[in-house]
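Visitor: Sharing protein.csv (CSV, C-alpha atoms) below.
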```csv
chain,number,residue,atom,x,y,z
T,20,MET,CA,-10.6,-12.5,-6.7
T,21,SER,CA,-10.7,-10.6,-10.0
T,22,GLU,CA,-8.2,-11.2,-12.8
T,23,ARG,CA,-6.1,-8.2,-11.8
T,24,LYS,CA,-5.9,-6.6,-8.4
T,25,LYS,CA,-6.7,-2.9,-8.4
T,26,ILE,CA,-5.1,-0.2,-6.4
T,27,GLY,CA,-6.5,3.2,-5.4
T,28,PHE,CA,-5.8,6.0,-2.9
T,29,LEU,CA,-8.2,6.6,0.0
T,30,ASN,CA,-8.1,10.3,0.9
T,31,PHE,CA,-9.2,11.2,4.5
T,32,GLY,CA,-9.6,14.8,3.4
T,33,HIS,CA,-8.2,16.5,6.5
T,34,TRP,CA,-7.5,20.2,6.6
T,35,SER,CA,-5.6,22.1,9.3
T,36,SER,CA,-3.5,25.2,9.7
T,37,ALA,CA,-0.9,23.2,11.6
T,38,PRO,CA,2.8,23.9,10.6
T,39,GLY,CA,3.7,21.9,7.5
T,40,SER,CA,0.1,21.3,6.3
T,41,ARG,CA,-0.5,22.0,2.6
T,42,THR,CA,-4.2,22.0,3.2
T,43,PRO,CA,-4.9,24.9,5.6
T,44,ASP,CA,-8.5,25.2,4.7
T,45,PRO,CA,-11.4,23.3,3.1
T,46,GLY,CA,-11.0,25.0,-0.3
T,47,ALA,CA,-7.4,23.8,-0.5
T,48,THR,CA,-8.4,20.2,0.5
T,49,LEU,CA,-11.1,20.0,-2.1
T,50,THR,CA,-9.2,21.5,-5.0
T,51,GLN,CA,-6.1,19.4,-4.2
T,52,THR,CA,-8.2,16.2,-4.0
T,53,ILE,CA,-9.3,16.9,-7.6
T,54,GLU,CA,-5.7,17.4,-8.6
T,55,MET,CA,-4.7,14.2,-6.8
T,56,ALA,CA,-7.2,12.2,-8.8
T,57,VAL,CA,-5.6,13.5,-12.0
T,58,ALA,CA,-2.1,12.6,-10.7
T,59,ALA,CA,-3.2,9.1,-9.6
T,60,GLU,CA,-4.7,8.5,-13.1
T,61,GLU,CA,-1.5,9.7,-14.7
T,62,ALA,CA,0.5,7.3,-12.4
T,63,GLY,CA,-1.6,4.4,-13.6
T,64,MET,CA,-3.6,3.8,-10.5
T,65,ASP,CA,-7.1,2.4,-10.7
T,66,GLY,CA,-9.1,4.4,-8.1
T,67,ALA,CA,-9.5,7.7,-6.2
T,68,TRP,CA,-11.6,7.2,-3.1
T,69,VAL,CA,-12.6,9.7,-0.4
T,70,ARG,CA,-13.7,9.5,3.2
T,71,SER,CA,-16.8,11.4,4.3
T,72,HIS,CA,-17.5,12.7,7.9
T,73,HIS,CA,-19.8,15.4,9.3
T,74,PHE,CA,-19.0,18.2,11.8
T,75,GLN,CA,-15.2,17.6,11.4
T,76,HIS,CA,-12.4,19.3,9.4
T,77,MET,CA,-12.8,16.6,6.7
T,78,ILE,CA,-14.8,16.1,3.5
T,79,SER,CA,-18.6,16.0,4.3
T,80,SER,CA,-20.3,16.3,0.9
T,81,PRO,CA,-18.6,13.9,-1.5
T,82,PHE,CA,-20.9,14.0,-4.6
T,83,PRO,CA,-19.9,17.5,-5.9
T,84,LEU,CA,-16.3,16.6,-5.3
T,85,LEU,CA,-16.5,13.2,-7.1
T,86,ALA,CA,-18.4,14.9,-10.0
T,87,ALA,CA,-15.6,17.4,-10.3
T,88,MET,CA,-13.0,14.6,-10.2
T,89,GLY,CA,-14.9,12.7,-12.8
T,90,ALA,CA,-15.0,15.8,-15.1
T,91,VAL,CA,-11.2,16.1,-15.3
T,92,THR,CA,-10.3,12.4,-15.5
T,93,ARG,CA,-11.1,9.7,-18.0
T,94,THR,CA,-10.4,6.2,-16.6
T,95,ILE,CA,-9.9,6.2,-12.8
T,96,ALA,CA,-12.7,4.8,-10.6
T,97,LEU,CA,-14.1,7.3,-8.1
T,98,GLY,CA,-15.2,6.0,-4.7
T,99,THR,CA,-16.4,6.7,-1.2
T,100,GLY,CA,-15.3,5.0,2.0
T,101,VAL,CA,-18.0,5.5,3.3
T,102,ILE,CA,-21.1,7.6,3.2
T,103,ASP,CA,-22.9,7.5,6.5
T,104,LEU,CA,-26.6,6.6,5.8
T,105,ARG,CA,-27.7,8.0,9.1
T,106,TYR,CA,-27.4,11.5,7.5
T,107,GLU,CA,-28.9,10.7,4.1
T,108,ASN,CA,-32.3,10.9,2.3
T,109,PRO,CA,-32.0,7.7,0.2
T,110,LEU,CA,-33.9,9.1,-2.8
T,111,TYR,CA,-32.0,12.4,-2.9
T,112,MET,CA,-28.8,10.4,-2.6
T,113,ALA,CA,-29.9,8.2,-5.5
T,114,GLU,CA,-30.3,11.3,-7.7
T,115,GLU,CA,-26.9,12.6,-6.6
T,116,ALA,CA,-25.2,9.3,-7.2
T,117,ALA,CA,-26.7,8.7,-10.6
T,118,THR,CA,-25.8,12.2,-11.7
T,119,THR,CA,-22.2,11.8,-10.5
T,120,ASP,CA,-22.0,8.4,-12.2
T,121,LEU,CA,-23.2,9.8,-15.5
T,122,ILE,CA,-20.8,12.7,-15.4
T,123,SER,CA,-17.9,10.3,-14.8
T,124,GLY,CA,-19.1,7.8,-17.5
T,125,GLY,CA,-20.0,5.0,-15.1
T,126,ARG,CA,-16.9,5.1,-12.8
T,127,LEU,CA,-18.5,5.6,-9.4
T,128,GLN,CA,-17.7,3.0,-6.7
T,129,LEU,CA,-20.0,4.0,-3.9
T,130,GLY,CA,-19.3,2.9,-0.3
T,131,ILE,CA,-22.1,3.2,2.2
T,132,SER,CA,-22.8,2.0,5.7
T,133,ARG,CA,-24.2,2.9,9.1
T,134,GLY,CA,-21.2,5.1,9.7
T,135,SER,CA,-18.6,5.3,12.4
T,136,PRO,CA,-18.3,7.2,15.7
T,137,GLU,CA,-18.2,10.9,15.2
T,138,ALA,CA,-17.6,14.3,16.8
T,139,ALA,CA,-21.3,15.3,17.1
T,140,ARG,CA,-23.5,13.7,19.7
T,141,ASP,CA,-26.8,14.8,18.0
T,142,GLY,CA,-25.6,15.2,14.5
T,143,GLN,CA,-28.4,13.2,12.8
T,144,HIS,CA,-31.0,15.0,14.9
T,145,GLN,CA,-29.7,18.3,13.7
T,146,PHE,CA,-30.0,17.1,10.1
T,147,GLY,CA,-33.7,16.2,10.8
T,148,TYR,CA,-33.3,12.5,11.3
T,149,ASP,CA,-34.2,10.4,14.4
T,150,VAL,CA,-34.8,6.7,15.0
T,151,GLU,CA,-38.3,5.6,16.0
T,152,GLU,CA,-39.2,3.7,19.2
T,153,GLY,CA,-37.5,0.3,19.1
T,154,GLN,CA,-35.4,1.1,16.0
T,155,SER,CA,-31.6,1.3,15.9
T,156,TRP,CA,-29.4,3.4,13.7
T,157,SER,CA,-28.2,0.1,12.2
T,158,ASP,CA,-31.8,-0.9,11.3
T,159,LEU,CA,-32.4,2.6,9.8
T,160,ALA,CA,-29.2,2.4,7.7
T,161,GLN,CA,-30.2,-1.0,6.3
T,162,GLU,CA,-33.7,0.4,5.4
T,163,ARG,CA,-32.2,3.4,3.7
T,164,GLY,CA,-29.7,1.2,1.8
T,165,ARG,CA,-32.5,-1.0,0.5
T,166,ARG,CA,-34.5,2.1,-0.6
T,167,PHE,CA,-31.5,3.7,-2.3
T,168,ARG,CA,-30.7,0.5,-4.3
T,169,GLN,CA,-34.3,0.2,-5.3
T,170,ALA,CA,-34.2,3.7,-6.6
T,171,ILE,CA,-31.0,3.4,-8.6
T,172,SER,CA,-32.2,0.1,-10.0
T,173,GLY,CA,-35.1,1.8,-11.7
T,174,GLY,CA,-37.7,0.8,-9.2
T,175,MET,CA,-41.0,2.6,-9.2
T,176,ILE,CA,-41.0,5.1,-6.4
T,177,ALA,CA,-43.7,7.8,-6.7
T,178,GLU,CA,-47.3,7.8,-7.9
T,179,ALA,CA,-47.8,9.6,-11.2
T,180,ASP,CA,-50.3,12.5,-11.2
T,181,PRO,CA,-52.8,11.9,-14.0
T,182,ASN,CA,-53.7,15.6,-13.9
T,183,SER,CA,-50.2,16.7,-14.6
T,184,GLY,CA,-49.0,17.4,-18.0
T,185,TRP,CA,-45.5,16.2,-17.0
T,186,ALA,CA,-46.6,12.6,-16.2
T,187,PRO,CA,-46.0,10.1,-19.0
T,188,PRO,CA,-49.3,8.9,-20.4
T,189,GLY,CA,-50.5,5.6,-19.0
T,190,GLN,CA,-47.8,5.4,-16.4
T,191,ASP,CA,-49.1,5.0,-12.8
T,192,MET,CA,-45.7,5.0,-11.0
T,193,LEU,CA,-42.5,7.0,-11.6
T,194,PRO,CA,-38.8,6.1,-11.0
T,195,ILE,CA,-36.2,8.7,-9.8
T,196,GLN,CA,-34.3,10.5,-12.5
T,197,PRO,CA,-31.7,10.4,-13.8
T,198,GLN,CA,-30.9,6.7,-14.0
T,199,SER,CA,-27.4,5.4,-14.5
T,200,ARG,CA,-27.3,1.8,-15.7
T,201,GLY,CA,-24.9,-0.5,-13.9
T,202,LEU,CA,-24.5,1.7,-10.8
T,203,VAL,CA,-26.3,-0.9,-8.6
T,204,ASN,CA,-23.4,-3.3,-9.3
T,205,ARG,CA,-20.9,-0.8,-7.8
T,206,ILE,CA,-22.3,-0.3,-4.3
T,207,TRP,CA,-20.1,-1.3,-1.4
T,208,TRP,CA,-21.1,-1.9,2.2
T,209,GLY,CA,-18.6,-0.8,4.8
T,210,SER,CA,-18.2,-3.6,7.2
T,211,GLY,CA,-16.2,-3.8,10.5
T,212,THR,CA,-17.3,-7.4,11.6
T,213,ILE,CA,-17.5,-10.8,10.0
T,214,ALA,CA,-21.3,-10.9,10.6
T,215,SER,CA,-21.9,-7.6,8.8
T,216,GLY,CA,-19.7,-8.8,5.9
T,217,VAL,CA,-21.8,-11.9,5.6
T,218,ARG,CA,-25.0,-9.8,5.7
T,219,ALA,CA,-23.6,-7.6,3.0
T,220,ALA,CA,-23.0,-10.7,0.8
T,221,ARG,CA,-26.5,-12.0,1.3
T,222,GLN,CA,-27.9,-8.6,0.3
T,223,GLY,CA,-25.8,-8.4,-2.9
T,224,TYR,CA,-23.4,-5.6,-1.9
T,225,ASN,CA,-19.6,-5.5,-2.6
T,226,LEU,CA,-17.6,-5.7,0.6
T,227,LEU,CA,-15.5,-2.6,1.8
T,228,SER,CA,-13.7,-4.0,4.8
T,229,SER,CA,-13.2,-1.4,7.5
T,230,THR,CA,-9.8,0.0,8.6
T,231,LEU,CA,-11.0,-1.0,12.1
T,232,LEU,CA,-12.3,-4.5,13.0
T,233,LEU,CA,-14.6,-4.8,15.9
T,234,GLN,CA,-15.1,-8.0,18.0
T,235,ASP,CA,-11.3,-8.6,18.0
T,236,ASP,CA,-10.6,-12.2,18.7
T,237,GLY,CA,-6.8,-11.9,19.2
T,238,ARG,CA,-5.6,-13.0,15.8
T,239,PRO,CA,-3.5,-10.5,13.7
T,240,PHE,CA,-5.6,-7.9,11.9
T,241,HIS,CA,-4.8,-9.2,8.4
T,242,VAL,CA,-5.8,-12.8,9.4
T,243,GLN,CA,-9.1,-11.7,10.8
T,244,GLN,CA,-9.8,-9.6,7.7
T,245,ALA,CA,-8.9,-12.4,5.4
T,246,ASP,CA,-11.4,-14.6,7.3
T,247,GLN,CA,-14.0,-11.8,6.9
T,248,ILE,CA,-13.4,-11.8,3.1
T,249,ALA,CA,-13.5,-15.7,2.9
T,250,GLN,CA,-16.8,-15.8,4.8
T,251,TYR,CA,-18.2,-12.9,2.7
T,252,ARG,CA,-17.3,-14.8,-0.5
T,253,ALA,CA,-18.9,-18.0,0.7
T,254,ALA,CA,-22.1,-16.2,1.6
T,255,TYR,CA,-22.2,-14.3,-1.7
T,256,ALA,CA,-21.7,-17.5,-3.7
T,257,GLU,CA,-24.8,-18.9,-1.9
T,258,SER,CA,-26.9,-15.7,-2.3
T,259,GLY,CA,-27.7,-15.9,-5.9
T,260,HIS,CA,-27.0,-12.2,-6.3
T,261,THR,CA,-25.2,-10.7,-9.3
T,262,THR,CA,-24.7,-7.2,-8.1
T,263,GLY,CA,-21.7,-7.6,-5.8
T,264,GLY,CA,-18.9,-10.1,-5.1
T,265,MET,CA,-16.0,-7.6,-5.0
T,266,THR,CA,-13.8,-7.0,-1.9
T,267,ALA,CA,-11.6,-4.1,-0.8
T,268,VAL,CA,-9.2,-3.5,2.1
T,269,THR,CA,-7.2,-0.4,3.1
T,270,ARG,CA,-3.6,-0.2,4.1
T,271,SER,CA,-1.0,2.5,5.1
T,272,VAL,CA,2.0,1.9,2.8
T,273,PHE,CA,5.0,4.1,2.5
T,274,PRO,CA,8.0,3.0,0.4
T,275,ILE,CA,11.1,5.0,1.5
T,276,VAL,CA,13.0,6.1,-1.6
T,277,SER,CA,14.0,9.6,-0.7
T,278,ALA,CA,15.2,11.7,2.3
T,279,GLU,CA,11.7,13.3,2.3
T,280,ASP,CA,10.0,9.9,2.6
T,281,ASP,CA,12.4,9.0,5.4
T,282,ARG,CA,11.7,12.3,7.2
T,283,TYR,CA,7.9,11.7,7.1
T,284,PHE,CA,7.6,7.9,7.4
T,285,GLY,CA,11.0,6.4,8.2
T,286,GLY,CA,10.2,6.0,11.9
T,287,ARG,CA,7.2,3.7,11.3
T,288,LYS,CA,9.0,0.5,10.3
T,289,GLU,CA,7.4,-1.8,12.9
T,290,ALA,CA,4.4,-3.5,11.3
T,291,ARG,CA,2.3,-4.0,14.4
T,292,ASP,CA,-1.5,-3.8,14.9
T,293,SER,CA,-3.1,-1.1,17.0
T,294,PHE,CA,-5.7,-1.8,19.6
T,295,GLY,CA,-8.5,0.1,21.4
T,296,HIS,CA,-12.1,-0.1,22.6
T,297,LEU,CA,-15.1,0.9,20.6
T,298,GLU,CA,-18.8,0.5,21.0
T,299,GLY,CA,-18.3,-1.5,24.2
T,300,GLY,CA,-15.8,-4.0,22.8
T,301,ARG,CA,-12.2,-4.5,21.8
T,302,ALA,CA,-11.2,-3.3,18.4
T,303,ARG,CA,-8.1,-3.8,16.2
T,304,SER,CA,-6.7,-1.8,13.3
T,305,GLY,CA,-3.9,-2.8,10.9
T,306,PRO,CA,-0.3,-1.7,10.8
T,307,THR,CA,1.6,0.8,8.8
T,308,TYR,CA,4.0,-0.7,6.2
T,309,SER,CA,7.1,1.5,5.8
T,310,GLY,CA,10.6,0.6,4.6
T,311,THR,CA,12.5,0.1,1.4
T,312,PRO,CA,10.3,-0.9,-1.6
T,313,ASP,CA,11.5,-4.5,-1.2
T,314,GLU,CA,10.7,-4.5,2.5
T,315,VAL,CA,7.2,-3.1,1.9
T,316,ALA,CA,6.6,-5.6,-0.9
T,317,ASP,CA,7.5,-8.5,1.4
T,318,LEU,CA,5.1,-7.2,4.0
T,319,LEU,CA,2.3,-7.0,1.5
T,320,ARG,CA,3.0,-10.5,0.2
T,321,GLY,CA,2.6,-11.7,3.8
T,322,ASP,CA,-0.6,-9.9,4.4
T,323,GLU,CA,-3.4,-12.5,3.9
T,324,ALA,CA,-6.2,-9.9,3.4
T,325,VAL,CA,-4.2,-7.9,0.9
T,326,GLN,CA,-3.5,-11.0,-1.1
T,327,ALA,CA,-7.2,-12.0,-1.0
T,328,ALA,CA,-8.8,-8.7,-1.8
T,329,ASP,CA,-9.8,-7.4,-5.3
T,330,TRP,CA,-9.0,-3.8,-4.4
T,331,VAL,CA,-6.2,-2.5,-2.2
T,332,LEU,CA,-6.9,1.1,-1.1
T,333,LEU,CA,-3.8,3.0,0.1
T,334,ALA,CA,-4.4,5.8,2.7
T,335,ASN,CA,-2.7,8.9,1.3
T,336,PRO,CA,-1.4,11.8,3.4
T,337,ASN,CA,-3.4,14.5,1.8
T,338,GLN,CA,-2.1,17.2,4.0
T,339,LEU,CA,1.4,16.8,2.5
T,340,GLY,CA,0.0,18.3,-0.8
T,341,VAL,CA,-0.3,17.3,-4.4
T,342,GLU,CA,3.4,17.2,-5.4
T,343,TYR,CA,4.3,14.8,-2.6
T,344,ASN,CA,1.3,12.6,-3.2
T,345,ALA,CA,2.0,12.4,-6.9
T,346,HIS,CA,5.4,11.1,-6.0
T,347,LEU,CA,3.8,8.5,-3.6
T,348,PHE,CA,1.3,7.4,-6.3
T,349,ALA,CA,4.2,6.7,-8.7
T,350,GLN,CA,5.8,4.6,-6.0
T,351,TRP,CA,2.6,2.7,-5.3
T,352,ALA,CA,2.1,2.0,-9.0
T,353,GLY,CA,5.6,0.7,-9.2
T,354,LEU,CA,5.1,-1.5,-6.2
T,355,ALA,CA,1.9,-2.9,-7.7
T,356,ARG,CA,3.9,-3.9,-10.8
T,357,VAL,CA,6.6,-5.6,-8.7
T,358,LEU,CA,3.9,-7.6,-6.9
T,359,GLY,CA,2.3,-8.6,-10.2
T,360,TRP,CA,-0.9,-6.7,-9.6
T,361,GLN,CA,-0.6,-4.7,-12.9
```
Could you express the structure from this file as structure tokens?

Guide:
Amino acid sequence: MSERKKIGFLNFGHWSSAPGSRTPDPGATLTQTIEMAVAAEEAGMDGAWVRSHHFQHMISSPFPLLAAMGAVTRTIALGTGVIDLRYENPLYMAEEAATTDLISGGRLQLGISRGSPEAARDGQHQFGYDVEEGQSWSDLAQERGRRFRQAISGGMIAEADPNSGWAPPGQDMLPIQPQSRGLVNRIWWGSGTIASGVRAARQGYNLLSSTLLLQDDGRPFHVQQADQIAQYRAAYAESGHTTGGMTAVTRSVFPIVSAEDDRYFGGRKEARDSFGHLEGGRARSGPTYSGTPDEVADLLRGDEAVQAADWVLLANPNQLGVEYNAHLFAQWAGLARVLGWQ
């Protein structure tokens, strides 16, 4: 674990015209997410992370948003949890990522993965992507992840045209541009199983543990997740890589300090896991921690994965608007100080 645990918000980026929603449309969601990054930085938090989904009323194109967040903040890390590689051209994504990282001064923490179940049945096909005979989407995502990291590491990608006045003299191959030094050290693989976490370690990624763990073996969510982190770290130590080693988990945490907090989250005081079935197997997600600040602090102290991780991302209710989330960020920052994280 790093010297100091870091905390950030993870914005799911929903918009809806439902009663009470402060994000009735995508414009409101995007502009308010930028404002929330500023508020989180002012509260002393370490990160502002966003989810990415296609064909849903959620954020789908994170790079322009992250660049805008980077332009109005100075210290807070900017992350994704996660970008679905099934929808991405790895070289174009490398250009976007490097550009965003440069605008932010090297603060991008980029989570990528094969992606999760989604609304569209043929979404990747409509984007122009399909798997080949005998290939799986998981295989394709791994391939694109390798290509992306090669590109952001300065690897030679395209043949130089000796007849072009733009090609550097004597250079046979060209890297993508721009390059942002150090970005390769801040790439996270989103993982929902122990096996995929070990694979991420062996490939030199940081580990972004999923909010939903597949292959549920009956143990509490936080215990299984702590096991995933431990096995990731052991595999990373053996890998010889120097581009990863960090771990992150996500939790829903709501200290109740006002009548408004109680109205929104006071009925969620039972810290129980949730269960379901996904991709042909049993899946488990973690509980919501709600109560007085002392009660929530005790729940976090007893959470083995939270204690083990380098980053704790806190899912924020973006549809409640900037003012309420700024209040929540201040509570989270205070909670982190009580727990000795800052």

Visitor: What's the 9 Å shell around His33 (chain T), counting only C-alpha atoms, without same-chain residues fewer than 4 positions away, as a list in words?

Guide: Thr42, Asp44, Pro45, Thr48, Gln75, His76, Met77, Ile78, Pro336, Asn337 and Gln338 of chain T

Visitor: For the atom pair CA of His346 (chain T) and CA of Arg70 (chain T), what is the interatomic distance in Å to one decimal place?

Guide: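 Distance between the two atoms: 21.3 Å.
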
Visitor: By how many Å are CA of Gly147 (chain T) and CA of Ile131 (chain T) apart?

Guide: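 According to the coordinates, CA of Gly147 (chain T) and CA of Ile131 (chain T) are separated by 19.4 Å.
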
Visitor: In the coordinate frame of the file, compute which residues have an atom within 12 Å of (-22.1, 10.1, -12.6) when using only C-alpha atoms, and state them as a PDB file with C-alpha atoms, in the frame of the given file.

Guide:
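Dumped to point-v6.pdb:
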```
ATOM      1  CA  PHE T  82     -20.900  14.000  -4.600  1.00  0.00           C
ATOM      2  CA  PRO T  83     -19.900  17.500  -5.900  1.00  0.00           C
ATOM      3  CA  LEU T  84     -16.300  16.600  -5.300  1.00  0.00           C
ATOM      4  CA  LEU T  85     -16.500  13.200  -7.100  1.00  0.00           C
ATOM      5  CA  ALA T  86     -18.400  14.900 -10.000  1.00  0.00           C
ATOM      6  CA  ALA T  87     -15.600  17.400 -10.300  1.00  0.00           C
ATOM      7  CA  MET T  88     -13.000  14.600 -10.200  1.00  0.00           C
ATOM      8  CA  GLY T  89     -14.900  12.700 -12.800  1.00  0.00           C
ATOM      9  CA  ALA T  90     -15.000  15.800 -15.100  1.00  0.00           C
ATOM     10  CA  ALA T  96     -12.700   4.800 -10.600  1.00  0.00           C
ATOM     11  CA  LEU T  97     -14.100   7.300  -8.100  1.00  0.00           C
ATOM     12  CA  GLY T  98     -15.200   6.000  -4.700  1.00  0.00           C
ATOM     13  CA  ALA T 113     -29.900   8.200  -5.500  1.00  0.00           C
ATOM     14  CA  GLU T 114     -30.300  11.300  -7.700  1.00  0.00           C
ATOM     15  CA  GLU T 115     -26.900  12.600  -6.600  1.00  0.00           C
ATOM     16  CA  ALA T 116     -25.200   9.300  -7.200  1.00  0.00           C
ATOM     17  CA  ALA T 117     -26.700   8.700 -10.600  1.00  0.00           C
ATOM     18  CA  THR T 118     -25.800  12.200 -11.700  1.00  0.00           C
ATOM     19  CA  THR T 119     -22.200  11.800 -10.500  1.00  0.00           C
ATOM     20  CA  ASP T 120     -22.000   8.400 -12.200  1.00  0.00           C
ATOM     21  CA  LEU T 121     -23.200   9.800 -15.500  1.00  0.00           C
ATOM     22  CA  ILE T 122     -20.800  12.700 -15.400  1.00  0.00           C
ATOM     23  CA  SER T 123     -17.900  10.300 -14.800  1.00  0.00           C
ATOM     24  CA  GLY T 124     -19.100   7.800 -17.500  1.00  0.00           C
ATOM     25  CA  GLY T 125     -20.000   5.000 -15.100  1.00  0.00           C
ATOM     26  CA  ARG T 126     -16.900   5.100 -12.800  1.00  0.00           C
ATOM     27  CA  LEU T 127     -18.500   5.600  -9.400  1.00  0.00           C
ATOM     28  CA  GLN T 128     -17.700   3.000  -6.700  1.00  0.00           C
ATOM     29  CA  LEU T 129     -20.000   4.000  -3.900  1.00  0.00           C
ATOM     30  CA  ILE T 171     -31.000   3.400  -8.600  1.00  0.00           C
ATOM     31  CA  PRO T 197     -31.700  10.400 -13.800  1.00  0.00           C
ATOM     32  CA  GLN T 198     -30.900   6.700 -14.000  1.00  0.00           C
ATOM     33  CA  SER T 199     -27.400   5.400 -14.500  1.00  0.00           C
ATOM     34  CA  ARG T 200     -27.300   1.800 -15.700  1.00  0.00           C
ATOM     35  CA  GLY T 201     -24.900  -0.500 -13.900  1.00  0.00           C
ATOM     36  CA  LEU T 202     -24.500   1.700 -10.800  1.00  0.00           C
ATOM     37  CA  ARG T 205     -20.900  -0.800  -7.800  1.00  0.00           C
TER      38      ARG T 205
END
```

Visitor: Nearest to Ala59 (chain T) among T:Arg93, T:Arg166, T:Arg105, T:Arg270, with distances taken over all atoms listed in the file: which residue is it?

Guide: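 Result for the nearest residue to Ala59 (chain T): T:Arg93.
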
Visitor: Find the residue from T:Asn344, T:Glu323, T:Ala220, T:Val315 that sits nearest to Glu279 (chain T); use only C-alpha atoms when measuring.

Guide: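 Among the listed residues, T:Asn344 lies closest to Glu279 (chain T).
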
Visitor: Restricting the calculation to all atoms listed in the file: of T:Pro181, T:Pro43, T:Gly305, T:Pro81, which residue gets closest to Val325 (chain T)?

Guide: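 That would be T:Gly305, the residue with the smallest distance to Val325 (chain T).
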
Visitor: Distance CA of Gln350 (chain T)-CA of Val69 (chain T), one decimal place?

Guide: 19.9 Å

Visitor: Which polymer residues have any atom within 9 Å of an atom of Glu137 (chain T), counting only C-alpha atoms, with same-chain residues fewer than 4 positions away left out, as a PyMOL selection string?

Guide: chain T and resi 72-75+142

Visitor: With all atoms listed in the file as the atoms that count, which of T:Ala278, T:Val217, T:Ala328, T:Val272 lies nearest to Tyr251 (chain T)?

Guide: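 Nearest candidate to Tyr251 (chain T) out of T:Ala278, T:Val217, T:Ala328, T:Val272: T:Val217.
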
Visitor: Let me make sure I understand: among T:Leu227, T:Met55, T:Ala47, T:Pro136, which one has the smallest atom-to-atom distance to Thr99 (chain T) if we use all atoms listed in the file?

Guide: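 The answer is T:Leu227, which sits nearest to Thr99 (chain T).
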
Visitor: Given the choices T:Pro274, T:Gly134, T:Gly300, T:Gly223, which gets closest to Tyr106 (chain T) if the distance is worked out from all atoms listed in the file?

Guide: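 Using all atoms listed in the file, the shortest distance to Tyr106 (chain T) belongs to T:Gly134.
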
Visitor: Which polymer residues have any atom within 10 Å of an atom of Leu354 (chain T), counting all atoms listed in the file, with same-chain residues fewer than 6 positions away left out, as a ChimeraX atom specification?

Guide: /T:274,312-313,315-316,319,348,360-361

Visitor: For Ala249 (chain T), find every residue with an atom within 10 Å (counting only C-alpha atoms), except residues of its own chain fewer than 5 positions away, and show them as a PyMOL selection string.

Guide: chain T and resi 213+216-217+243-244+254-255+266+324+327-328
